[in-house]
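Source file: target_4.csv. Holds: CSV, C-alpha atoms.
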chain,number,residue,atom,x,y,z
A,247,MET,CA,-10.4,16.7,-9.4
A,248,THR,CA,-12.7,15.6,-12.1
A,249,ALA,CA,-11.8,13.3,-15.0
A,250,ILE,CA,-9.3,14.5,-17.5
A,251,LYS,CA,-9.3,13.5,-21.1
A,252,TRP,CA,-5.7,13.7,-22.2
A,253,ASN,CA,-4.8,14.9,-25.6
A,254,ASP,CA,-1.9,13.6,-27.6
A,255,GLN,CA,-0.3,16.9,-28.5
A,256,GLN,CA,1.3,17.6,-25.2
A,257,PRO,CA,3.0,15.4,-22.6
A,258,ILE,CA,0.6,14.4,-19.8
A,259,PHE,CA,2.7,16.0,-17.1
A,260,ARG,CA,2.1,19.4,-18.8
A,261,GLN,CA,-1.6,18.8,-19.1
A,262,LEU,CA,-1.8,17.8,-15.5
A,263,LYS,CA,0.2,20.9,-14.5
A,264,GLU,CA,-2.3,23.1,-16.4
A,265,LYS,CA,-5.1,21.3,-14.6
A,266,VAL,CA,-3.6,22.1,-11.2
A,267,VAL,CA,-3.0,25.8,-12.2
A,268,GLU,CA,-6.7,25.9,-13.3
A,269,LEU,CA,-7.8,24.6,-9.9
A,270,ILE,CA,-5.8,27.2,-8.1
A,271,ILE,CA,-7.0,30.1,-10.2
A,272,ASP,CA,-10.6,29.0,-9.8
A,273,GLY,CA,-10.0,28.8,-6.1
A,274,GLU,CA,-10.9,25.1,-5.9
A,275,VAL,CA,-7.6,24.6,-4.1
A,276,SER,CA,-6.9,27.5,-1.9
A,277,GLU,CA,-3.5,29.0,-0.9
A,278,GLY,CA,-2.0,27.2,2.0
A,279,GLU,CA,-4.1,24.0,1.2
A,280,ALA,CA,-2.5,20.7,0.3
A,281,VAL,CA,-2.8,19.2,-3.2
A,282,PRO,CA,-3.6,15.5,-3.5
A,283,SER,CA,-0.6,13.2,-3.0
A,284,VAL,CA,1.4,11.9,-6.0
A,285,ARG,CA,0.2,8.4,-5.2
A,286,GLN,CA,-3.4,9.5,-5.0
A,287,VAL,CA,-3.3,11.4,-8.3
A,288,ALA,CA,-1.5,8.5,-10.0
A,289,ALA,CA,-4.1,6.0,-8.8
A,290,ASP,CA,-7.1,8.2,-9.7
A,291,TYR,CA,-5.9,8.9,-13.2
A,292,GLN,CA,-4.0,5.7,-13.8
A,293,ILE,CA,-0.9,7.5,-14.8
A,294,ASN,CA,2.6,6.7,-13.6
A,295,PRO,CA,3.8,8.5,-10.4
A,296,LEU,CA,6.8,10.0,-12.2
A,297,THR,CA,4.5,11.9,-14.4
A,298,VAL,CA,2.7,13.4,-11.4
A,299,SER,CA,6.0,14.2,-9.6
A,300,LYS,CA,7.3,15.9,-12.7
A,301,ALA,CA,4.2,18.2,-12.9
A,302,TYR,CA,4.4,19.0,-9.2
A,303,GLN,CA,8.1,19.6,-9.4
A,304,GLU,CA,7.7,22.2,-12.2
A,305,LEU,CA,5.1,24.0,-10.0
A,306,VAL,CA,7.6,23.9,-7.1
A,307,ASP,CA,10.3,25.4,-9.4
A,308,GLU,CA,7.8,28.1,-10.4
A,309,SER,CA,7.1,28.9,-6.7
A,310,ILE,CA,3.4,27.8,-7.0
A,311,LEU,CA,3.7,24.7,-4.8
A,312,GLU,CA,6.0,24.0,-1.9
A,313,LYS,CA,7.0,20.8,-0.4
A,314,ARG,CA,6.6,20.4,3.4
A,315,ARG,CA,8.7,17.7,4.7
A,316,GLY,CA,6.6,14.6,5.6
A,317,LEU,CA,3.4,16.4,4.9
A,318,GLY,CA,3.3,16.7,1.1
A,319,MET,CA,2.7,19.5,-1.4
A,320,PHE,CA,1.0,22.7,-0.5
A,321,VAL,CA,-0.2,25.7,-2.5
A,322,ARG,CA,2.0,28.7,-1.6
A,323,GLU,CA,0.5,31.8,-0.1
A,324,SER,CA,1.3,34.0,-3.1
A,325,ALA,CA,0.4,31.4,-5.7
A,326,ARG,CA,-3.0,32.6,-7.0
A,327,GLY,CA,-1.9,36.2,-7.5
A,328,LYS,CA,1.2,35.0,-9.3
A,329,LEU,CA,-0.8,32.7,-11.6
A,330,LEU,CA,-3.4,35.3,-12.4
A,331,GLU,CA,-0.6,37.7,-13.4
A,332,SER,CA,1.0,35.3,-15.7
A,333,GLU,CA,-2.4,34.1,-17.2
A,334,LYS,CA,-3.2,37.8,-17.8
A,335,SER,CA,0.0,38.6,-19.5
A,336,HIS,CA,-0.4,35.4,-21.6
A,337,PHE,CA,-3.8,36.5,-22.6
A,338,LEU,CA,-2.8,40.0,-23.5
A,339,GLU,CA,0.4,39.0,-25.3
A,340,ILE,CA,-0.6,35.9,-27.1
A,341,GLU,CA,-4.4,35.2,-27.2
A,342,TRP,CA,-5.7,38.8,-27.4
A,343,PRO,CA,-3.8,39.7,-30.6
A,344,LYS,CA,-5.1,36.5,-32.2
A,345,ILE,CA,-8.7,37.5,-31.3
A,346,ILE,CA,-8.2,41.0,-32.6
A,347,GLN,CA,-6.9,39.5,-35.9
A,348,LYS,CA,-10.0,37.3,-36.1
A,349,ILE,CA,-12.3,40.2,-35.4
A,350,GLU,CA,-10.7,42.2,-38.2
A,351,ARG,CA,-10.8,39.2,-40.6
A,352,LEU,CA,-14.5,38.7,-40.0
A,353,GLY,CA,-15.1,42.4,-40.5
A,354,LEU,CA,-16.7,42.9,-37.1
A,355,SER,CA,-16.5,46.2,-35.3
A,356,MET,CA,-15.2,46.4,-31.7
A,357,GLN,CA,-18.0,48.8,-30.9
A,358,SER,CA,-20.9,46.5,-32.0
A,359,LEU,CA,-19.3,43.6,-30.2
A,360,LEU,CA,-19.2,45.5,-26.9
A,361,THR,CA,-22.8,46.8,-27.2
A,362,ASP,CA,-24.5,43.8,-28.7
A,363,LYS,CA,-23.6,41.1,-26.2
A,364,PRO,CA,-24.8,37.6,-26.9
A,365,THR,CA,-27.8,36.9,-24.6
A,366,GLN,CA,-26.4,33.7,-23.1
A,367,VAL,CA,-23.4,35.6,-21.5
A,368,GLU,CA,-24.3,36.8,-18.0
A,369,GLU,CA,-23.4,40.3,-17.0
A,370,GLN,CA,-20.6,40.3,-14.4
B,1358,MET,CA,21.2,-1.7,-6.4
B,1359,THR,CA,19.3,0.2,-9.0
B,1360,THR,CA,19.0,-2.5,-11.7
B,1361,LEU,CA,16.6,-5.2,-10.7
B,1362,ILE,CA,16.7,-7.2,-13.9
B,1363,GLU,CA,19.6,-7.4,-16.3
B,1364,ALA,CA,19.5,-9.7,-19.3
B,1365,LYS,CA,22.3,-10.0,-21.9
B,1366,GLY,CA,22.1,-12.4,-24.8
B,1367,LEU,CA,19.2,-14.2,-23.2
B,1368,SER,CA,18.3,-17.1,-25.5
B,1369,LYS,CA,15.9,-20.0,-25.4
B,1370,SER,CA,15.1,-22.8,-27.9
B,1371,TYR,CA,12.3,-25.3,-27.8
B,1372,GLY,CA,13.7,-28.0,-30.1
B,1373,SER,CA,14.4,-26.2,-33.4
B,1374,HIS,CA,12.2,-23.2,-32.5
B,1375,GLN,CA,14.2,-20.3,-31.2
B,1376,ALA,CA,11.8,-18.6,-28.7
B,1377,LEU,CA,14.3,-15.9,-27.6
B,1378,LYS,CA,17.1,-14.7,-29.8
B,1379,SER,CA,19.8,-13.1,-27.7
B,1380,ALA,CA,17.6,-10.6,-25.9
B,1381,ASP,CA,19.2,-7.6,-24.0
B,1382,PHE,CA,17.1,-5.5,-21.7
B,1383,SER,CA,17.1,-4.2,-18.1
B,1384,VAL,CA,14.5,-3.2,-15.5
B,1385,LYS,CA,15.6,-0.4,-13.1
B,1386,ARG,CA,14.2,0.1,-9.6
B,1387,GLY,CA,11.1,2.4,-9.3
B,1388,ARG,CA,9.8,1.7,-12.8
B,1389,ILE,CA,6.7,0.2,-14.3
B,1390,VAL,CA,7.7,-1.6,-17.4
B,1391,GLY,CA,5.4,-2.9,-20.1
B,1392,LEU,CA,6.6,-6.0,-22.0
B,1393,VAL,CA,4.5,-6.0,-25.2
B,1394,GLY,CA,4.4,-8.5,-28.1
B,1395,PRO,CA,2.1,-10.6,-30.1
B,1396,ASN,CA,1.2,-14.1,-29.0
B,1397,GLY,CA,4.2,-16.4,-29.3
B,1398,ALA,CA,6.8,-13.6,-29.4
B,1399,GLY,CA,8.6,-14.8,-26.3
B,1400,LYS,CA,7.0,-12.7,-23.5
B,1401,THR,CA,6.1,-15.7,-21.3
B,1402,THR,CA,9.5,-17.3,-21.9
B,1403,ILE,CA,11.2,-14.1,-20.6
B,1404,LEU,CA,9.0,-14.1,-17.5
B,1405,LYS,CA,9.6,-17.8,-16.9
B,1406,ALA,CA,13.3,-17.2,-17.2
B,1407,ILE,CA,13.2,-14.3,-14.7
B,1408,LEU,CA,11.2,-16.4,-12.2
B,1409,GLY,CA,13.6,-19.4,-12.6
B,1410,LEU,CA,10.9,-21.6,-14.1
B,1411,THR,CA,12.8,-22.4,-17.3
B,1412,SER,CA,16.3,-23.0,-18.4
B,1413,TYR,CA,18.0,-20.5,-20.8
B,1414,GLU,CA,21.3,-19.5,-22.4
B,1415,GLY,CA,23.0,-16.2,-21.9
B,1416,ASP,CA,23.3,-13.9,-18.9
B,1417,LEU,CA,20.4,-13.1,-16.6
B,1418,LYS,CA,20.5,-11.5,-13.2
B,1419,VAL,CA,17.4,-10.8,-11.1
B,1420,LEU,CA,18.1,-8.7,-8.0
B,1421,GLY,CA,21.7,-9.6,-8.6
B,1422,LEU,CA,21.0,-13.3,-8.4
B,1423,ASP,CA,20.9,-16.1,-10.9
B,1424,PRO,CA,17.3,-17.3,-11.4
B,1425,ALA,CA,18.4,-20.8,-12.5
B,1426,ARG,CA,20.4,-21.5,-9.4
B,1427,GLN,CA,19.1,-19.1,-6.7
B,1428,ARG,CA,15.4,-19.3,-7.3
B,1429,HIS,CA,14.6,-19.7,-3.6
B,1430,GLN,CA,16.3,-16.5,-2.7
B,1431,ILE,CA,14.8,-14.6,-5.6
B,1432,MET,CA,11.3,-15.7,-4.8
B,1433,GLN,CA,11.5,-14.1,-1.4
B,1434,LYS,CA,11.7,-10.7,-3.1
B,1435,VAL,CA,9.7,-11.3,-6.2
B,1436,SER,CA,6.0,-11.8,-6.6
B,1437,PHE,CA,4.1,-13.0,-9.6
B,1438,ILE,CA,0.5,-13.1,-10.9
B,1439,ALA,CA,0.1,-15.3,-14.0
B,1440,ASP,CA,-2.6,-15.1,-16.7
B,1441,VAL,CA,-3.7,-18.6,-15.6
B,1442,ALA,CA,-3.7,-17.5,-12.0
B,1443,VAL,CA,-5.3,-20.3,-10.1
B,1444,LEU,CA,-5.9,-20.9,-6.5
B,1445,PRO,CA,-7.2,-24.3,-5.3
B,1446,ARG,CA,-10.9,-24.2,-5.8
B,1447,TRP,CA,-11.7,-26.0,-2.5
B,1448,MET,CA,-9.7,-23.5,-0.4
B,1449,LYS,CA,-11.4,-21.0,1.8
B,1450,VAL,CA,-10.1,-17.4,1.6
B,1451,SER,CA,-9.0,-17.6,5.2
B,1452,GLU,CA,-7.1,-20.8,4.4
B,1453,ALA,CA,-5.3,-19.1,1.5
B,1454,LEU,CA,-4.2,-16.4,3.9
B,1455,GLU,CA,-2.9,-19.0,6.4
B,1456,PHE,CA,-1.1,-20.9,3.7
B,1457,VAL,CA,0.8,-17.9,2.4
B,1458,THR,CA,1.6,-16.8,6.0
B,1459,GLU,CA,3.2,-20.3,6.5
B,1460,VAL,CA,5.2,-20.5,3.3
B,1461,HIS,CA,6.3,-16.9,2.7
B,1462,PRO,CA,8.7,-15.2,5.1
B,1463,ASN,CA,7.9,-11.7,3.8
B,1464,PHE,CA,4.1,-11.9,3.9
B,1465,ASP,CA,2.2,-9.4,6.0
B,1466,LEU,CA,-1.1,-11.1,7.1
B,1467,ASN,CA,-2.6,-7.9,8.6
B,1468,LYS,CA,-2.0,-6.0,5.3
B,1469,ALA,CA,-3.8,-8.8,3.4
B,1470,LYS,CA,-6.7,-8.7,5.7
B,1471,HIS,CA,-6.9,-4.9,5.4
B,1472,PHE,CA,-6.9,-5.1,1.6
B,1473,LEU,CA,-9.6,-7.8,1.6
B,1474,SER,CA,-11.7,-5.8,4.0
B,1475,LYS,CA,-12.0,-3.2,1.2
B,1476,THR,CA,-13.5,-5.8,-1.2
B,1477,ASN,CA,-16.7,-7.9,-1.0
B,1478,ILE,CA,-14.8,-11.1,-0.5
B,1479,PRO,CA,-16.0,-13.0,2.6
B,1480,MET,CA,-13.2,-14.7,4.6
B,1481,GLN,CA,-15.2,-17.9,4.8
B,1482,ALA,CA,-16.0,-18.1,1.1
B,1483,ARG,CA,-14.3,-20.9,-1.0
B,1484,VAL,CA,-12.4,-19.9,-4.1
B,1485,LYS,CA,-14.9,-21.8,-6.3
B,1486,GLU,CA,-17.7,-19.5,-5.0
B,1487,LEU,CA,-15.9,-16.3,-6.1
B,1488,SER,CA,-16.3,-14.5,-9.4
B,1489,LYS,CA,-13.4,-14.2,-11.7
B,1490,GLY,CA,-12.9,-10.6,-10.7
B,1491,MET,CA,-12.9,-11.5,-7.0
B,1492,VAL,CA,-10.3,-14.2,-7.6
B,1493,ALA,CA,-8.1,-11.6,-9.2
B,1494,GLN,CA,-8.7,-9.3,-6.2
B,1495,LEU,CA,-7.8,-12.0,-3.8
B,1496,HIS,CA,-4.6,-12.7,-5.8
B,1497,LEU,CA,-3.7,-9.1,-5.8
B,1498,ALA,CA,-4.4,-8.7,-2.0
B,1499,LEU,CA,-2.1,-11.7,-1.4
B,1500,VAL,CA,0.6,-10.4,-3.7
B,1501,MET,CA,0.5,-6.8,-2.5
B,1502,SER,CA,1.0,-8.0,1.1
B,1503,ILE,CA,4.4,-9.5,0.2
B,1504,GLU,CA,7.3,-7.2,0.7
B,1505,ALA,CA,8.5,-7.7,-2.8
B,1506,GLU,CA,10.9,-5.5,-4.7
B,1507,LEU,CA,9.8,-6.8,-8.1
B,1508,LEU,CA,6.2,-7.7,-9.1
B,1509,VAL,CA,5.8,-9.6,-12.3
B,1510,LEU,CA,2.3,-9.6,-13.9
B,1511,ASP,CA,1.5,-11.8,-16.9
B,1512,GLU,CA,-1.8,-10.6,-18.4
B,1513,PRO,CA,-3.1,-9.9,-14.9
B,1514,THR,CA,-6.5,-8.6,-16.0
B,1515,LEU,CA,-7.3,-11.1,-18.7
B,1516,GLY,CA,-11.0,-11.8,-18.8
B,1517,LEU,CA,-11.9,-9.2,-16.2
B,1518,ASP,CA,-14.5,-6.5,-16.9
B,1519,ILE,CA,-13.5,-2.9,-17.2
B,1520,LEU,CA,-14.4,-2.0,-13.6
B,1521,TYR,CA,-12.2,-4.7,-12.1
B,1522,ARG,CA,-9.4,-3.8,-14.5
B,1523,LYS,CA,-9.4,-0.2,-13.5
B,1524,GLU,CA,-9.7,-1.1,-9.8
B,1525,PHE,CA,-6.8,-3.5,-10.2
B,1526,TYR,CA,-4.3,-0.9,-11.5
B,1527,ASN,CA,-5.8,1.7,-9.1
B,1528,GLN,CA,-4.9,-0.5,-6.2
B,1529,LEU,CA,-1.4,-1.3,-7.5
B,1530,LEU,CA,-0.7,2.5,-7.7
B,1531,ALA,CA,-2.4,3.4,-4.4
B,1532,ASP,CA,-1.2,0.6,-2.2
B,1533,PHE,CA,1.8,-1.1,-3.7
B,1534,PHE,CA,4.0,0.7,-6.1
B,1535,ASP,CA,6.7,3.1,-4.8
B,1536,GLU,CA,10.2,4.2,-5.9
B,1537,GLY,CA,11.7,1.1,-4.1
B,1538,ARG,CA,9.9,-1.4,-6.3
B,1539,SER,CA,9.4,-2.2,-9.9
B,1540,ILE,CA,6.5,-3.8,-11.8
B,1541,LEU,CA,7.0,-5.8,-15.0
B,1542,VAL,CA,3.7,-6.3,-16.8
B,1543,THR,CA,2.6,-8.0,-20.0
B,1544,THR,CA,-0.8,-7.2,-21.4
B,1545,HIS,CA,-2.7,-7.1,-24.7
B,1546,GLN,CA,-4.9,-4.3,-23.3
B,1547,ILE,CA,-2.0,-1.9,-23.8
B,1548,GLU,CA,-4.2,1.2,-24.3
B,1549,GLU,CA,-5.5,0.9,-20.8
B,1550,ILE,CA,-2.1,1.0,-19.2
B,1551,GLU,CA,0.0,3.1,-21.5
B,1552,ASN,CA,-0.1,6.2,-19.3
B,1553,LEU,CA,0.9,4.1,-16.3
B,1554,LEU,CA,4.1,2.8,-17.8
B,1555,THR,CA,7.5,4.4,-17.3
B,1556,ASP,CA,9.2,2.1,-19.8
B,1557,LEU,CA,8.3,0.1,-22.8
B,1558,ILE,CA,9.8,-3.1,-24.2
B,1559,PHE,CA,8.5,-4.5,-27.5
B,1560,ILE,CA,9.3,-8.0,-28.5
B,1561,ARG,CA,8.8,-9.6,-31.9
B,1562,ASP,CA,9.8,-13.2,-32.9
B,1563,GLY,CA,12.0,-13.5,-29.9
B,1564,GLU,CA,13.9,-10.3,-30.5
B,1565,ILE,CA,13.7,-7.0,-28.6
B,1566,VAL,CA,12.7,-4.4,-31.1
B,1567,LEU,CA,12.1,-1.5,-28.7
B,1568,ASP,CA,13.4,-0.8,-25.2
B,1569,ALA,CA,13.0,2.8,-24.1
B,1570,THR,CA,11.6,5.0,-21.4
B,1571,MET,CA,8.2,6.5,-22.2
B,1572,GLU,CA,9.9,9.9,-22.3
B,1573,ASP,CA,12.3,8.8,-24.9
B,1574,VAL,CA,9.5,7.2,-26.9
B,1575,SER,CA,7.5,10.4,-26.9
B,1576,GLU,CA,10.6,12.3,-28.1
B,1577,LYS,CA,11.6,9.8,-30.7
B,1578,TYR,CA,8.2,8.9,-32.3
B,1579,ILE,CA,6.0,11.6,-33.7
B,1580,GLU,CA,2.9,11.4,-35.8
B,1581,VAL,CA,2.0,14.1,-38.3
B,1582,MET,CA,-1.2,14.5,-40.3
B,1583,VAL,CA,-0.2,15.8,-43.7
B,1584,SER,CA,-2.3,17.2,-46.5
B,1585,LYS,CA,-1.9,15.7,-50.0
B,1586,ASP,CA,0.2,18.6,-51.2
B,1587,ASP,CA,2.9,18.0,-48.6
B,1588,ALA,CA,2.9,14.2,-48.9
B,1589,GLU,CA,6.1,14.2,-51.0
B,1590,LYS,CA,7.9,16.3,-48.5
B,1591,ALA,CA,6.9,14.0,-45.7
B,1592,GLU,CA,7.9,10.9,-47.6
B,1593,ALA,CA,11.3,12.4,-48.2
B,1594,LEU,CA,11.9,12.3,-44.4
B,1595,ASN,CA,11.5,8.5,-44.4
B,1596,PRO,CA,8.4,7.8,-42.2
B,1597,VAL,CA,8.3,4.4,-40.7
B,1598,MET,CA,4.6,4.0,-41.3
B,1599,GLN,CA,1.7,5.8,-43.0
B,1600,ARG,CA,-2.0,5.4,-42.9
B,1601,ASP,CA,-4.9,7.3,-44.5
B,1602,VAL,CA,-7.4,9.3,-42.5
B,1603,PHE,CA,-10.2,11.4,-44.2
B,1604,GLY,CA,-8.2,11.6,-47.4
B,1605,ARG,CA,-5.1,12.9,-45.6
B,1606,LYS,CA,-2.1,10.9,-44.7
B,1607,VAL,CA,-0.8,10.3,-41.2
B,1608,TYR,CA,2.9,9.6,-41.1
B,1609,LEU,CA,4.8,8.1,-38.2
B,1610,PHE,CA,8.4,9.3,-37.9
B,1611,GLU,CA,11.3,7.8,-35.9
B,1612,GLY,CA,14.0,10.1,-34.7
B,1613,VAL,CA,13.1,13.0,-36.9
B,1614,SER,CA,13.3,16.4,-35.1
B,1615,ARG,CA,10.2,18.4,-34.2
B,1616,GLU,CA,11.6,21.4,-36.1
B,1617,GLU,CA,11.7,19.4,-39.3
B,1618,LEU,CA,8.2,18.1,-38.9
B,1619,GLU,CA,6.4,21.1,-37.6
B,1620,PRO,CA,6.0,22.8,-41.1
B,1621,LEU,CA,4.2,19.6,-42.3
B,1622,GLY,CA,1.2,19.8,-39.9
B,1623,GLU,CA,0.1,19.3,-36.4
B,1624,LEU,CA,2.3,16.9,-34.4
B,1625,HIS,CA,0.9,14.2,-32.2
B,1626,SER,CA,2.4,11.4,-30.0
B,1627,PRO,CA,1.4,8.1,-31.4
B,1628,SER,CA,-0.5,5.8,-29.0
B,1629,VAL,CA,1.4,2.8,-27.8
B,1630,ALA,CA,-1.0,0.7,-29.8
B,1631,ASP,CA,-0.2,2.5,-33.1
B,1632,LEU,CA,3.5,2.4,-32.3
B,1633,PHE,CA,3.2,-1.3,-31.7
B,1634,VAL,CA,1.5,-2.0,-35.0
B,1635,ALA,CA,4.2,0.0,-36.8
B,1636,LYS,CA,7.0,-1.9,-35.0
B,1637,MET,CA,5.5,-5.3,-35.7
B,1638,LYS,CA,5.1,-4.5,-39.4
B,1639,GLU,CA,8.6,-2.9,-39.8
B,1640,GLY,CA,10.6,-4.6,-42.5
B,1641,LYS,CA,7.9,-7.1,-43.3
Transcribe the structure of this file into structure tokens.
Amino acid sequence: MTAIKWNDQQPIFRQLKEKVVELIIDGEVSEGEAVPSVRQVAADYQINPLTVSKAYQELVDESILEKRRGLGMFVRESARGKLLESEKSHFLEIEWPKIIQKIERLGLSMQSLLTDKPTQVEEQ
Amino acid sequence: MTTLIEAKGLSKSYGSHQALKSADFSVKRGRIVGLVGPNGAGKTTILKAILGLTSYEGDLKVLGLDPARQRHQIMQKVSFIADVAVLPRWMKVSEALEFVTEVHPNFDLNKAKHFLSKTNIPMQARVKELSKGMVAQLHLALVMSIEAELLVLDEPTLGLDILYRKEFYNQLLADFFDEGRSILVTTHQIEEIENLLTDLIFIRDGEIVLDATMEDVSEKYIEVMVSKDDAEKAEALNPVMQRDVFGRKVYLFEGVSREELEPLGELHSPSVADLFVAKMKEGK
């Protein structure tokens, strides 16, 4: 994991949790793979181990990670699909309506936005 | 035993000066506790009392024992690094290891050698030939190799550069700390370790003015940046401190609910340093 700059608007355990979710969605940690130990993450980021445990525990409760006795924490087989689903619905229900509002506020048309793509964005 | 240190009405006077005024606090197992206060507030007196290095009044139990009478037993389970950490300058690193092996029943020589092998400290070097950062590393290697339940650190990184400071805490977390042990640390570089702490104790003029888990702190203390129009509303909620930033006011609230504050602006957790300043100014 790369360095994280913590913000002061959310508890660190939540920011760490989001970071782990990001890593799984981006495929940097694959399903079935182990995530770094609590001790390792605590030492790397100089945060207390309880914070790390709390972030991991919530991901266990959400069936994203699983604890294997004596081996540590692993990404569950179904984790990535599950996270993608919830990220998608979060986008559609919360972010997208805000974007549409902004588009309307700025007086842009959906059509021109779709046809006149900014040059720096690569075609998928 | 889940409580490693329990102090009730802990007091200490030097002549007519009361260094500690009936302090109550406790340190539970598996915690990293920051003891923070300005110079002369009583931090070192507390640490000395815990380590059985000074007399005191009131009730103090360390690992269930009485530091004034049972220092010998306590010191088998408690280690300590002082801000004035000194090792004899003439001593070789290898001799320091031999010495601690001789005097400390819970010292693991192999562990110490392992820790030192990860540093650039040569076994045959004398202490006087080591840099300040290396002396701190040596100290830490010695202390982490003792099977201690409580580690007391008094300004452990004073005078070290940022690389050594980071490395110091990194090692503590990677190789020493676990749920069976506790660390009690005093430092002025509070912003460097605030995310590392599980508990926070503030001391001012010999009195404990804050003793809470970091979780409680982040629930209880909230900072809000408020535009001028809402300043009156904010002030009606009795902020404990205010400061001006870019023509707006930042208020710090204690024990006011998020629901009440949210309409006023974006909520932030204060840094421990800001909270410290607020607590030290309170009522003055």
Kindly provide, as an NGL selection string, the residues of chain A having any atom no farther than 7 Å from an atom of chain B, counting only C-alpha atoms.
:A and (254-255 or 285-286 or 288-290 or 292-294)
Distance of CA of Glu331 in chain A from CA of Glu312 in chain A, expressed in Å to one decimal place
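CA of Glu331 in chain A lies at a distance of 19.1 Å from CA of Glu312 in chain A.
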Residues within 6 Å of range 258-267 of chain A, please, as an MDAnalysis selection string. Count only C-alpha atoms; anything in the same chain fewer than 2 positions from it doesn't count.
chainID A and resid 269:270 297 301
Hey, can you spit out that residue selection with C-alpha atoms as a PDB file, in the frame of the given file?
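Final output, out_30.pdb:
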ATOM      1  CA  LEU A 269      -7.800  24.600  -9.900  1.00  0.00           C
ATOM      2  CA  ILE A 270      -5.800  27.200  -8.100  1.00  0.00           C
ATOM      3  CA  THR A 297       4.500  11.900 -14.400  1.00  0.00           C
ATOM      4  CA  ALA A 301       4.200  18.200 -12.900  1.00  0.00           C
TER       5      ALA A 301
END
Between CA of Val1457 in chain B and CA of Lys1470 in chain B, what is the distance in Å, rounded to a tenth?
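Computed distance, CA of Val1457 in chain B to CA of Lys1470 in chain B, equals 12.3 Å.
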Compile the contact shell of Leu1408 in chain B as a PyMOL selection string: residues with an atom at most 12 Å away, counting all atoms listed in the file, same-chain residues fewer than 5 positions apart removed.
chain B and resi 1362+1401-1403+1413+1417-1420+1422-1439+1507-1511+1541
All residues 6 Å or closer to range 1382-1386 of chain B, only C-alpha atoms, same chain fewer than 4 positions away omitted, as a PDB file with C-alpha atoms, in the frame of the given file:
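Contents of the output file around_38.pdb:
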ATOM      1  CA  THR B1359      19.300   0.200  -9.000  1.00  0.00           C
ATOM      2  CA  THR B1360      19.000  -2.500 -11.700  1.00  0.00           C
ATOM      3  CA  LEU B1361      16.600  -5.200 -10.700  1.00  0.00           C
ATOM      4  CA  ILE B1362      16.700  -7.200 -13.900  1.00  0.00           C
ATOM      5  CA  GLU B1363      19.600  -7.400 -16.300  1.00  0.00           C
ATOM      6  CA  ALA B1364      19.500  -9.700 -19.300  1.00  0.00           C
ATOM      7  CA  ARG B1538       9.900  -1.400  -6.300  1.00  0.00           C
ATOM      8  CA  SER B1539       9.400  -2.200  -9.900  1.00  0.00           C
TER       9      SER B1539
END
Quick one: everything within 7 Å of range 1590-1596 of chain B, counting only C-alpha atoms, minus sequence neighbours fewer than 5 positions away in the same chain. Send it as a VMD selection string.
chain B and resid 1608 to 1611
One decimal, Å: what's the distance from CA of Pro1445 in chain B over to CA of Leu1410 in chain B, could you say?
20.3 Å
Smallest atom-to-atom distance to Lys1378 in chain B: which of B:Gly1399, B:Glu1564, B:Met1480, B:Leu1454, using only C-alpha atoms?
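Checking each candidate against Lys1378 in chain B, we get B:Glu1564 as the closest.
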